[in-house]
Amino acid sequence: MKPEPPSQLSLPVLCVDLDGTLIRDDASVKSFLHLLGKNPLRIFSALLWLRRGRVHLKREIARRIPLDPAAFSYREDVLVFLREEKARDRTLVLATASDQIYADAIANHLGIFSEVLGSDGVINLSGKRKRAALQARFGLFSYMGNSRDDLAVWRGAEEAIAVATPPSVLRELRKFKNPTRVFP
């Protein structure tokens, strides 16, 4: 009798960060620059939005500046890996501090994510807030990230996957969790 392939239940959901991990760009920075490129006087609107917090600023820009998901610089090695994981029936979730509007557009463009979690104009889904949201939603999860903010998320993850992670962050990560994979 042939052994069955690993089921979706045996692999924790793989949550993937967007900025700097899945894409080389930063969606918030790219959209802000696009906003100013369209009308430099929008800097004053941006400053007013920022008074209500960074997450509010991101939402206001996302409502005004549509970004083409095909225009981002995707990490091809990461995409290949994610497609392989998807073929193994692993559940993939895009989990990002970028605004939900942009996260949804990118997830729809790629067609590999089962779910998308992003900042909503009120909660900036970053660091400890992202970890808490992922734990509440999935219990056990694996996490693919790249930055100092992701250290808090990796602390709650079953598995850590690092992508283009600065050496100082990678050293800090290795103090409490050995990454199962490191993308250069």
# chains A, B, ... in the order shown; residues from 1 in each chain; ligands from 1
>>> select_by_dssp(residues="stretch 29-173 of chain A", states="helix (DSSP H, G or I)", output="PyMOL selection string")
chain A and resi 29-38+42-50+54-64+69-71+76-87+100-110+127-138+150-156+167-173
>>> select_by_dssp(residues="chain A", states="strand (DSSP E)", output="ChimeraX atom specification")
/A:13-16,92-99,115-119,141-145,159-163,181-183
>>> residues_around(residues="stretch 143-158 of chain A", least_positions_apart="5", cutoff="7 Å", atoms="only C-alpha atoms", output="ChimeraX atom specification")
/A:14-17,20-21,126-128,130-131,163-165,169,173
>>> residues_around(residues="A:Ile65", least_positions_apart="6", cutoff="8 Å", atoms="only C-alpha atoms", output="list in words")
Ser31, His34 and Leu35 of chain A
>>> atom_distance(atom1="atom CA of A:Leu82", atom2="atom CA of A:Asn124")
24.8 Å
>>> residues_around(residues="stretch 117-123 of chain A", least_positions_apart="3", cutoff="7 Å", atoms="only C-alpha atoms", output="PyMOL selection string")
chain A and resi 55-56+58-59+94-100+103
>>> residues_around(residues="A:Val13", least_positions_apart="3", cutoff="8 Å", atoms="only C-alpha atoms", output="number ranges by chain")
A: 90-93, 138, 140-142
>>> write_last_selection(atoms="C-alpha atoms", output="mmCIF file, in the first residue's frame")
data_model
loop_
_atom_site.group_PDB
_atom_site.id
_atom_site.type_symbol
_atom_site.label_atom_id
_atom_site.label_comp_id
_atom_site.auth_asym_id
_atom_site.auth_seq_id
_atom_site.Cartn_x
_atom_site.Cartn_y
_atom_site.Cartn_z
ATOM 1 C CA ARG A 90 -0.257 23.783 1.584
ATOM 2 C CA THR A 91 -2.478 26.705 2.479
ATOM 3 C CA LEU A 92 -0.810 30.032 1.645
ATOM 4 C CA VAL A 93 -1.864 33.300 3.265
ATOM 5 C CA PHE A 138 -4.733 29.842 12.538
ATOM 6 C CA LEU A 140 -0.163 27.086 14.375
ATOM 7 C CA PHE A 141 1.426 28.802 11.396
ATOM 8 C CA SER A 142 4.690 29.137 9.503
#
>>> atom_distance(atom1="atom CA of A:Ile161", atom2="atom CA of A:Leu110")
19.9 Å
>>> closest_residue(among="A:Glu159, A:Arg42, A:Leu57, A:Ile23", to="A:Arg174", atoms="only C-alpha atoms")
A:Glu159
>>> closest_residue(among="A:Arg24, A:Arg171, A:Lys177, A:Arg52", to="A:Asp77", atoms="only C-alpha atoms")
A:Arg24
